Amino acid sequence: LLKFYDMQRLTLRRRLSYNTNSNRRIKRRTPGGKLVYIYKKKPGSLPKCGDCKVKLFGIKATRPCERTRMSKRLKTVNRTYGGSRCHKCVKSRVIRAFLIEEEKIIA
């Protein structure tokens with residue numbers, strides 16, 4: 001049975017025949033006993049902080065196309081610059097802005 005599994009000829013379901021990154025496929029047996037190719041989707045990447053390039057937590061790793069279909073609450077964090085900057089960078093921005101304002105008052 002295992003030898004037959006490897007020997008059976010498979011036809012591609014899509015026109016692209018090259019082994020590219022977007023054309024990854026795995027062999028799967030259907031409930032009807034047929035052997036078919038199933039195409040794997042590319043893994044999504046976590047959004048990164050624009051300043052320090054660290055991965056942002058609280059946001060799912062998705063492909064850009066999927067991200068357009070997601071609701072706002074899934075793409076952001078409930079904070080200033082949420083979904084764009086990490087908490088450390090936001091903290092440093094707030095402190096920097098405060099110190100600049102204080103300097104203006106003193107001068």
# chains A, B, ... in the order shown; residues from 1 in each chain; ligands from 1
call {"tool": "residues_around", "arguments": {"residues": "A:Gly44", "least_positions_apart": "5", "cutoff": "9 Å", "atoms": "only C-alpha atoms", "output": "PyMOL selection string"}}
result
chain A and resi 60-64
call {"tool": "residues_around", "arguments": {"residues": "stretch 6-20 of chain A", "least_positions_apart": "5", "cutoff": "10 Å", "atoms": "only C-alpha atoms", "output": "ChimeraX atom specification"}}
result
/A:1,25,27,34-39
call {"tool": "write_last_selection", "arguments": {"atoms": "all heavy atoms", "output": "short mmCIF file (atom, residue, chain, number, x, y, z; two decimals), in the first residue's frame"}}
result
data_model
loop_
_atom_site.label_atom_id
_atom_site.label_comp_id
_atom_site.auth_asym_id
_atom_site.auth_seq_id
_atom_site.Cartn_x
_atom_site.Cartn_y
_atom_site.Cartn_z
N LEU A 1 0.83 -1.21 0.00
CA LEU A 1 0.00 0.00 0.00
C LEU A 1 0.87 1.25 0.00
O LEU A 1 0.58 2.20 -0.72
CB LEU A 1 -0.93 -0.01 1.22
CG LEU A 1 -1.98 1.11 1.23
CD1 LEU A 1 -3.05 0.81 0.19
CD2 LEU A 1 -2.61 1.22 2.60
N ARG A 25 3.35 22.26 -2.50
CA ARG A 25 2.22 21.36 -2.43
C ARG A 25 2.56 20.10 -1.64
O ARG A 25 3.73 19.72 -1.54
CB ARG A 25 1.71 21.01 -3.82
CG ARG A 25 2.76 20.57 -4.76
CD ARG A 25 2.38 20.82 -6.22
NE ARG A 25 3.42 20.27 -7.08
CZ ARG A 25 4.50 20.95 -7.45
NH1 ARG A 25 4.68 22.18 -7.08
NH2 ARG A 25 5.42 20.39 -8.21
N LYS A 27 1.10 15.91 -0.77
CA LYS A 27 0.23 14.83 -1.23
C LYS A 27 -0.76 14.48 -0.12
O LYS A 27 -0.37 14.33 1.02
CB LYS A 27 1.06 13.58 -1.56
CG LYS A 27 1.95 13.73 -2.77
CD LYS A 27 2.77 12.47 -2.97
CE LYS A 27 3.77 12.64 -4.08
NZ LYS A 27 4.66 11.46 -4.18
N LYS A 34 -8.55 8.74 -3.55
CA LYS A 34 -7.74 9.33 -4.61
C LYS A 34 -6.57 10.09 -3.99
O LYS A 34 -6.70 10.65 -2.91
CB LYS A 34 -8.61 10.31 -5.42
CG LYS A 34 -8.36 10.27 -6.91
CD LYS A 34 -9.46 11.00 -7.67
CE LYS A 34 -9.23 12.50 -7.59
NZ LYS A 34 -10.20 13.25 -8.39
N LEU A 35 -5.45 10.13 -4.69
CA LEU A 35 -4.29 10.87 -4.23
C LEU A 35 -4.22 12.19 -4.98
O LEU A 35 -4.23 12.19 -6.21
CB LEU A 35 -3.02 10.04 -4.48
CG LEU A 35 -1.79 10.43 -3.69
CD1 LEU A 35 -2.00 10.23 -2.20
CD2 LEU A 35 -0.60 9.59 -4.14
N VAL A 36 -4.21 13.31 -4.25
CA VAL A 36 -4.21 14.62 -4.90
C VAL A 36 -3.17 15.54 -4.27
O VAL A 36 -2.69 15.30 -3.16
CB VAL A 36 -5.60 15.30 -4.82
CG1 VAL A 36 -6.62 14.54 -5.62
CG2 VAL A 36 -6.04 15.48 -3.39
N TYR A 37 -2.82 16.58 -5.00
CA TYR A 37 -1.97 17.63 -4.47
C TYR A 37 -2.84 18.66 -3.75
O TYR A 37 -3.89 19.06 -4.27
CB TYR A 37 -1.22 18.36 -5.59
CG TYR A 37 0.06 17.69 -6.02
CD1 TYR A 37 0.32 17.49 -7.37
CD2 TYR A 37 1.02 17.30 -5.09
CE1 TYR A 37 1.50 16.90 -7.79
CE2 TYR A 37 2.19 16.71 -5.51
CZ TYR A 37 2.44 16.51 -6.85
OH TYR A 37 3.60 15.93 -7.25
N ILE A 38 -2.38 19.10 -2.59
CA ILE A 38 -3.03 20.21 -1.90
C ILE A 38 -1.98 21.31 -1.80
O ILE A 38 -0.85 21.08 -1.36
CB ILE A 38 -3.56 19.79 -0.51
CG1 ILE A 38 -4.74 18.86 -0.70
CG2 ILE A 38 -3.91 21.01 0.32
CD1 ILE A 38 -5.49 18.51 0.54
N TYR A 39 -2.33 22.51 -2.23
CA TYR A 39 -1.39 23.62 -2.24
C TYR A 39 -1.34 24.29 -0.88
O TYR A 39 -2.37 24.56 -0.27
CB TYR A 39 -1.80 24.63 -3.32
CG TYR A 39 -1.57 24.08 -4.70
CD1 TYR A 39 -2.55 23.35 -5.34
CD2 TYR A 39 -0.36 24.26 -5.34
CE1 TYR A 39 -2.33 22.81 -6.61
CE2 TYR A 39 -0.14 23.74 -6.61
CZ TYR A 39 -1.13 23.01 -7.23
OH TYR A 39 -0.90 22.49 -8.47
#
call {"tool": "residues_around", "arguments": {"residues": "stretch 73-82 of chain A", "least_positions_apart": "3", "cutoff": "9 Å", "atoms": "only C-alpha atoms", "output": "PyMOL selection string"}}
result
chain A and resi 57-60+67+70+85-87+90
call {"tool": "write_last_selection", "arguments": {"atoms": "all heavy atoms", "output": "PDB file, in the first residue's frame"}}
result
ATOM      1  N   PHE A  57       3.404  42.135  19.455  1.00  0.00           N
ATOM      2  CA  PHE A  57       2.559  41.098  20.029  1.00  0.00           C
ATOM      3  C   PHE A  57       1.112  41.565  20.081  1.00  0.00           C
ATOM      4  O   PHE A  57       0.828  42.745  20.040  1.00  0.00           O
ATOM      5  CB  PHE A  57       3.060  40.720  21.418  1.00  0.00           C
ATOM      6  CG  PHE A  57       4.421  40.101  21.393  1.00  0.00           C
ATOM      7  CD1 PHE A  57       5.535  40.827  21.784  1.00  0.00           C
ATOM      8  CD2 PHE A  57       4.601  38.803  20.945  1.00  0.00           C
ATOM      9  CE1 PHE A  57       6.801  40.261  21.745  1.00  0.00           C
ATOM     10  CE2 PHE A  57       5.862  38.227  20.898  1.00  0.00           C
ATOM     11  CZ  PHE A  57       6.962  38.965  21.301  1.00  0.00           C
ATOM     12  N   GLY A  58       0.204  40.609  20.147  1.00  0.00           N
ATOM     13  CA  GLY A  58      -1.217  40.924  20.195  1.00  0.00           C
ATOM     14  C   GLY A  58      -1.845  41.042  18.821  1.00  0.00           C
ATOM     15  O   GLY A  58      -3.029  41.332  18.698  1.00  0.00           O
ATOM     16  N   ILE A  59      -1.039  40.825  17.781  1.00  0.00           N
ATOM     17  CA  ILE A  59      -1.542  40.898  16.406  1.00  0.00           C
ATOM     18  C   ILE A  59      -1.191  39.584  15.717  1.00  0.00           C
ATOM     19  O   ILE A  59      -0.061  39.113  15.820  1.00  0.00           O
ATOM     20  CB  ILE A  59      -0.912  42.094  15.657  1.00  0.00           C
ATOM     21  CG1 ILE A  59      -1.223  43.389  16.396  1.00  0.00           C
ATOM     22  CG2 ILE A  59      -1.414  42.152  14.239  1.00  0.00           C
ATOM     23  CD1 ILE A  59      -0.379  44.543  15.987  1.00  0.00           C
ATOM     24  N   LYS A  60      -2.153  39.000  15.030  1.00  0.00           N
ATOM     25  CA  LYS A  60      -1.924  37.712  14.372  1.00  0.00           C
ATOM     26  C   LYS A  60      -0.988  37.845  13.182  1.00  0.00           C
ATOM     27  O   LYS A  60      -0.981  38.858  12.486  1.00  0.00           O
ATOM     28  CB  LYS A  60      -3.244  37.118  13.896  1.00  0.00           C
ATOM     29  CG  LYS A  60      -4.012  36.372  14.957  1.00  0.00           C
ATOM     30  CD  LYS A  60      -5.161  35.614  14.321  1.00  0.00           C
ATOM     31  CE  LYS A  60      -5.813  34.673  15.327  1.00  0.00           C
ATOM     32  NZ  LYS A  60      -6.910  33.925  14.715  1.00  0.00           N
ATOM     33  N   ARG A  67      -5.000  40.411   5.767  1.00  0.00           N
ATOM     34  CA  ARG A  67      -5.053  41.554   6.682  1.00  0.00           C
ATOM     35  C   ARG A  67      -6.091  42.588   6.238  1.00  0.00           C
ATOM     36  O   ARG A  67      -6.710  43.243   7.067  1.00  0.00           O
ATOM     37  CB  ARG A  67      -3.672  42.208   6.779  1.00  0.00           C
ATOM     38  CG  ARG A  67      -3.340  42.661   8.179  1.00  0.00           C
ATOM     39  CD  ARG A  67      -1.888  43.065   8.320  1.00  0.00           C
ATOM     40  NE  ARG A  67      -1.041  41.892   8.432  1.00  0.00           N
ATOM     41  CZ  ARG A  67       0.190  41.790   7.938  1.00  0.00           C
ATOM     42  NH1 ARG A  67       0.721  42.801   7.307  1.00  0.00           N
ATOM     43  NH2 ARG A  67       0.894  40.704   8.093  1.00  0.00           N
ATOM     44  N   MET A  70      -9.473  41.520   7.566  1.00  0.00           N
ATOM     45  CA  MET A  70      -9.631  41.452   9.012  1.00  0.00           C
ATOM     46  C   MET A  70     -10.228  42.746   9.558  1.00  0.00           C
ATOM     47  O   MET A  70     -10.037  43.815   8.996  1.00  0.00           O
ATOM     48  CB  MET A  70      -8.261  41.209   9.682  1.00  0.00           C
ATOM     49  CG  MET A  70      -7.774  39.785   9.548  1.00  0.00           C
ATOM     50  SD  MET A  70      -6.026  39.580   9.898  1.00  0.00           S
ATOM     51  CE  MET A  70      -5.871  40.170  11.536  1.00  0.00           C
ATOM     52  N   ARG A  85       3.883  50.683  16.499  1.00  0.00           N
ATOM     53  CA  ARG A  85       5.098  50.778  17.314  1.00  0.00           C
ATOM     54  C   ARG A  85       4.954  49.906  18.564  1.00  0.00           C
ATOM     55  O   ARG A  85       3.845  49.713  19.069  1.00  0.00           O
ATOM     56  CB  ARG A  85       5.361  52.225  17.749  1.00  0.00           C
ATOM     57  CG  ARG A  85       5.489  53.225  16.610  1.00  0.00           C
ATOM     58  CD  ARG A  85       6.808  53.053  15.889  1.00  0.00           C
ATOM     59  NE  ARG A  85       7.010  54.065  14.874  1.00  0.00           N
ATOM     60  CZ  ARG A  85       6.674  53.942  13.609  1.00  0.00           C
ATOM     61  NH1 ARG A  85       6.066  52.848  13.192  1.00  0.00           N
ATOM     62  NH2 ARG A  85       6.931  54.894  12.749  1.00  0.00           N
ATOM     63  N   CYS A  86       6.079  49.418  19.083  1.00  0.00           N
ATOM     64  CA  CYS A  86       6.049  48.611  20.309  1.00  0.00           C
ATOM     65  C   CYS A  86       5.917  49.521  21.531  1.00  0.00           C
ATOM     66  O   CYS A  86       6.121  50.736  21.436  1.00  0.00           O
ATOM     67  CB  CYS A  86       7.304  47.741  20.414  1.00  0.00           C
ATOM     68  SG  CYS A  86       8.813  48.671  20.725  1.00  0.00           S
ATOM     69  N   HIS A  87       5.599  48.928  22.669  1.00  0.00           N
ATOM     70  CA  HIS A  87       5.342  49.719  23.876  1.00  0.00           C
ATOM     71  C   HIS A  87       6.558  50.514  24.344  1.00  0.00           C
ATOM     72  O   HIS A  87       6.430  51.633  24.832  1.00  0.00           O
ATOM     73  CB  HIS A  87       4.835  48.811  24.998  1.00  0.00           C
ATOM     74  CG  HIS A  87       5.855  47.835  25.498  1.00  0.00           C
ATOM     75  ND1 HIS A  87       6.188  46.692  24.793  1.00  0.00           N
ATOM     76  CD2 HIS A  87       6.626  47.843  26.607  1.00  0.00           C
ATOM     77  CE1 HIS A  87       7.120  46.029  25.474  1.00  0.00           C
ATOM     78  NE2 HIS A  87       7.398  46.704  26.567  1.00  0.00           N
ATOM     79  N   VAL A  90       6.895  53.649  22.143  1.00  0.00           N
ATOM     80  CA  VAL A  90       5.846  54.611  22.470  1.00  0.00           C
ATOM     81  C   VAL A  90       6.208  55.348  23.752  1.00  0.00           C
ATOM     82  O   VAL A  90       6.086  56.573  23.839  1.00  0.00           O
ATOM     83  CB  VAL A  90       4.465  53.919  22.610  1.00  0.00           C
ATOM     84  CG1 VAL A  90       3.411  54.890  23.115  1.00  0.00           C
ATOM     85  CG2 VAL A  90       4.037  53.322  21.289  1.00  0.00           C
TER      86      VAL A  90
END
call {"tool": "select_by_dssp", "arguments": {"residues": "chain A", "states": "strand (DSSP E)", "output": "PDB file with all heavy atoms, in the first residue's frame"}}
result
ATOM      1  N   ARG A  25       3.353  22.261  -2.503  1.00  0.00           N
ATOM      2  CA  ARG A  25       2.217  21.360  -2.426  1.00  0.00           C
ATOM      3  C   ARG A  25       2.563  20.098  -1.640  1.00  0.00           C
ATOM      4  O   ARG A  25       3.726  19.720  -1.536  1.00  0.00           O
ATOM      5  CB  ARG A  25       1.709  21.015  -3.820  1.00  0.00           C
ATOM      6  CG  ARG A  25       2.757  20.570  -4.764  1.00  0.00           C
ATOM      7  CD  ARG A  25       2.382  20.818  -6.222  1.00  0.00           C
ATOM      8  NE  ARG A  25       3.421  20.270  -7.080  1.00  0.00           N
ATOM      9  CZ  ARG A  25       4.504  20.946  -7.454  1.00  0.00           C
ATOM     10  NH1 ARG A  25       4.676  22.185  -7.081  1.00  0.00           N
ATOM     11  NH2 ARG A  25       5.421  20.388  -8.206  1.00  0.00           N
ATOM     12  N   ILE A  26       1.535  19.458  -1.090  1.00  0.00           N
ATOM     13  CA  ILE A  26       1.701  18.219  -0.345  1.00  0.00           C
ATOM     14  C   ILE A  26       0.735  17.181  -0.903  1.00  0.00           C
ATOM     15  O   ILE A  26      -0.312  17.528  -1.442  1.00  0.00           O
ATOM     16  CB  ILE A  26       1.459  18.414   1.173  1.00  0.00           C
ATOM     17  CG1 ILE A  26       0.130  19.133   1.429  1.00  0.00           C
ATOM     18  CG2 ILE A  26       2.610  19.122   1.825  1.00  0.00           C
ATOM     19  CD1 ILE A  26      -0.263  19.232   2.875  1.00  0.00           C
ATOM     20  N   LYS A  27       1.099  15.911  -0.769  1.00  0.00           N
ATOM     21  CA  LYS A  27       0.226  14.831  -1.232  1.00  0.00           C
ATOM     22  C   LYS A  27      -0.756  14.483  -0.124  1.00  0.00           C
ATOM     23  O   LYS A  27      -0.373  14.334   1.023  1.00  0.00           O
ATOM     24  CB  LYS A  27       1.055  13.582  -1.560  1.00  0.00           C
ATOM     25  CG  LYS A  27       1.950  13.730  -2.768  1.00  0.00           C
ATOM     26  CD  LYS A  27       2.771  12.471  -2.969  1.00  0.00           C
ATOM     27  CE  LYS A  27       3.772  12.636  -4.076  1.00  0.00           C
ATOM     28  NZ  LYS A  27       4.656  11.460  -4.181  1.00  0.00           N
ATOM     29  N   ARG A  28      -2.027  14.372  -0.484  1.00  0.00           N
ATOM     30  CA  ARG A  28      -3.055  13.998   0.472  1.00  0.00           C
ATOM     31  C   ARG A  28      -4.005  12.997  -0.178  1.00  0.00           C
ATOM     32  O   ARG A  28      -4.328  13.117  -1.355  1.00  0.00           O
ATOM     33  CB  ARG A  28      -3.865  15.216   0.915  1.00  0.00           C
ATOM     34  CG  ARG A  28      -3.233  16.023   2.001  1.00  0.00           C
ATOM     35  CD  ARG A  28      -3.313  15.313   3.343  1.00  0.00           C
ATOM     36  NE  ARG A  28      -2.538  16.017   4.329  1.00  0.00           N
ATOM     37  CZ  ARG A  28      -1.260  15.742   4.617  1.00  0.00           C
ATOM     38  NH1 ARG A  28      -0.622  14.804   3.980  1.00  0.00           N
ATOM     39  NH2 ARG A  28      -0.640  16.403   5.555  1.00  0.00           N
ATOM     40  N   ARG A  29      -4.453  12.046   0.611  1.00  0.00           N
ATOM     41  CA  ARG A  29      -5.436  11.089   0.117  1.00  0.00           C
ATOM     42  C   ARG A  29      -6.832  11.580   0.488  1.00  0.00           C
ATOM     43  O   ARG A  29      -7.087  11.937   1.630  1.00  0.00           O
ATOM     44  CB  ARG A  29      -5.184   9.703   0.734  1.00  0.00           C
ATOM     45  CG  ARG A  29      -6.021   8.619   0.069  1.00  0.00           C
ATOM     46  CD  ARG A  29      -5.612   7.227   0.492  1.00  0.00           C
ATOM     47  NE  ARG A  29      -4.288   6.853   0.033  1.00  0.00           N
ATOM     48  CZ  ARG A  29      -3.967   6.511  -1.206  1.00  0.00           C
ATOM     49  NH1 ARG A  29      -4.896   6.540  -2.139  1.00  0.00           N
ATOM     50  NH2 ARG A  29      -2.753   6.164  -1.527  1.00  0.00           N
ATOM     51  N   LEU A  35      -5.453  10.129  -4.688  1.00  0.00           N
ATOM     52  CA  LEU A  35      -4.292  10.869  -4.225  1.00  0.00           C
ATOM     53  C   LEU A  35      -4.220  12.189  -4.984  1.00  0.00           C
ATOM     54  O   LEU A  35      -4.226  12.189  -6.208  1.00  0.00           O
ATOM     55  CB  LEU A  35      -3.017  10.041  -4.476  1.00  0.00           C
ATOM     56  CG  LEU A  35      -1.789  10.430  -3.691  1.00  0.00           C
ATOM     57  CD1 LEU A  35      -1.995  10.234  -2.202  1.00  0.00           C
ATOM     58  CD2 LEU A  35      -0.603   9.595  -4.142  1.00  0.00           C
ATOM     59  N   VAL A  36      -4.206  13.308  -4.247  1.00  0.00           N
ATOM     60  CA  VAL A  36      -4.207  14.618  -4.900  1.00  0.00           C
ATOM     61  C   VAL A  36      -3.174  15.543  -4.269  1.00  0.00           C
ATOM     62  O   VAL A  36      -2.694  15.305  -3.164  1.00  0.00           O
ATOM     63  CB  VAL A  36      -5.600  15.305  -4.818  1.00  0.00           C
ATOM     64  CG1 VAL A  36      -6.624  14.544  -5.622  1.00  0.00           C
ATOM     65  CG2 VAL A  36      -6.035  15.476  -3.386  1.00  0.00           C
ATOM     66  N   TYR A  37      -2.823  16.580  -5.002  1.00  0.00           N
ATOM     67  CA  TYR A  37      -1.969  17.635  -4.468  1.00  0.00           C
ATOM     68  C   TYR A  37      -2.840  18.659  -3.753  1.00  0.00           C
ATOM     69  O   TYR A  37      -3.888  19.062  -4.271  1.00  0.00           O
ATOM     70  CB  TYR A  37      -1.220  18.361  -5.588  1.00  0.00           C
ATOM     71  CG  TYR A  37       0.060  17.691  -6.020  1.00  0.00           C
ATOM     72  CD1 TYR A  37       0.319  17.487  -7.367  1.00  0.00           C
ATOM     73  CD2 TYR A  37       1.016  17.302  -5.095  1.00  0.00           C
ATOM     74  CE1 TYR A  37       1.500  16.898  -7.791  1.00  0.00           C
ATOM     75  CE2 TYR A  37       2.195  16.712  -5.511  1.00  0.00           C
ATOM     76  CZ  TYR A  37       2.438  16.512  -6.846  1.00  0.00           C
ATOM     77  OH  TYR A  37       3.603  15.932  -7.247  1.00  0.00           O
ATOM     78  N   ILE A  38      -2.385  19.103  -2.592  1.00  0.00           N
ATOM     79  CA  ILE A  38      -3.027  20.214  -1.900  1.00  0.00           C
ATOM     80  C   ILE A  38      -1.984  21.315  -1.799  1.00  0.00           C
ATOM     81  O   ILE A  38      -0.852  21.075  -1.357  1.00  0.00           O
ATOM     82  CB  ILE A  38      -3.557  19.794  -0.515  1.00  0.00           C
ATOM     83  CG1 ILE A  38      -4.745  18.864  -0.705  1.00  0.00           C
ATOM     84  CG2 ILE A  38      -3.912  21.010   0.322  1.00  0.00           C
ATOM     85  CD1 ILE A  38      -5.491  18.511   0.536  1.00  0.00           C
ATOM     86  N   TYR A  39      -2.333  22.508  -2.227  1.00  0.00           N
ATOM     87  CA  TYR A  39      -1.394  23.625  -2.243  1.00  0.00           C
ATOM     88  C   TYR A  39      -1.335  24.293  -0.876  1.00  0.00           C
ATOM     89  O   TYR A  39      -2.368  24.564  -0.270  1.00  0.00           O
ATOM     90  CB  TYR A  39      -1.798  24.632  -3.323  1.00  0.00           C
ATOM     91  CG  TYR A  39      -1.574  24.082  -4.701  1.00  0.00           C
ATOM     92  CD1 TYR A  39      -2.547  23.346  -5.345  1.00  0.00           C
ATOM     93  CD2 TYR A  39      -0.360  24.264  -5.338  1.00  0.00           C
ATOM     94  CE1 TYR A  39      -2.331  22.813  -6.608  1.00  0.00           C
ATOM     95  CE2 TYR A  39      -0.137  23.737  -6.607  1.00  0.00           C
ATOM     96  CZ  TYR A  39      -1.129  23.014  -7.229  1.00  0.00           C
ATOM     97  OH  TYR A  39      -0.900  22.493  -8.466  1.00  0.00           O
TER      98      TYR A  39
END
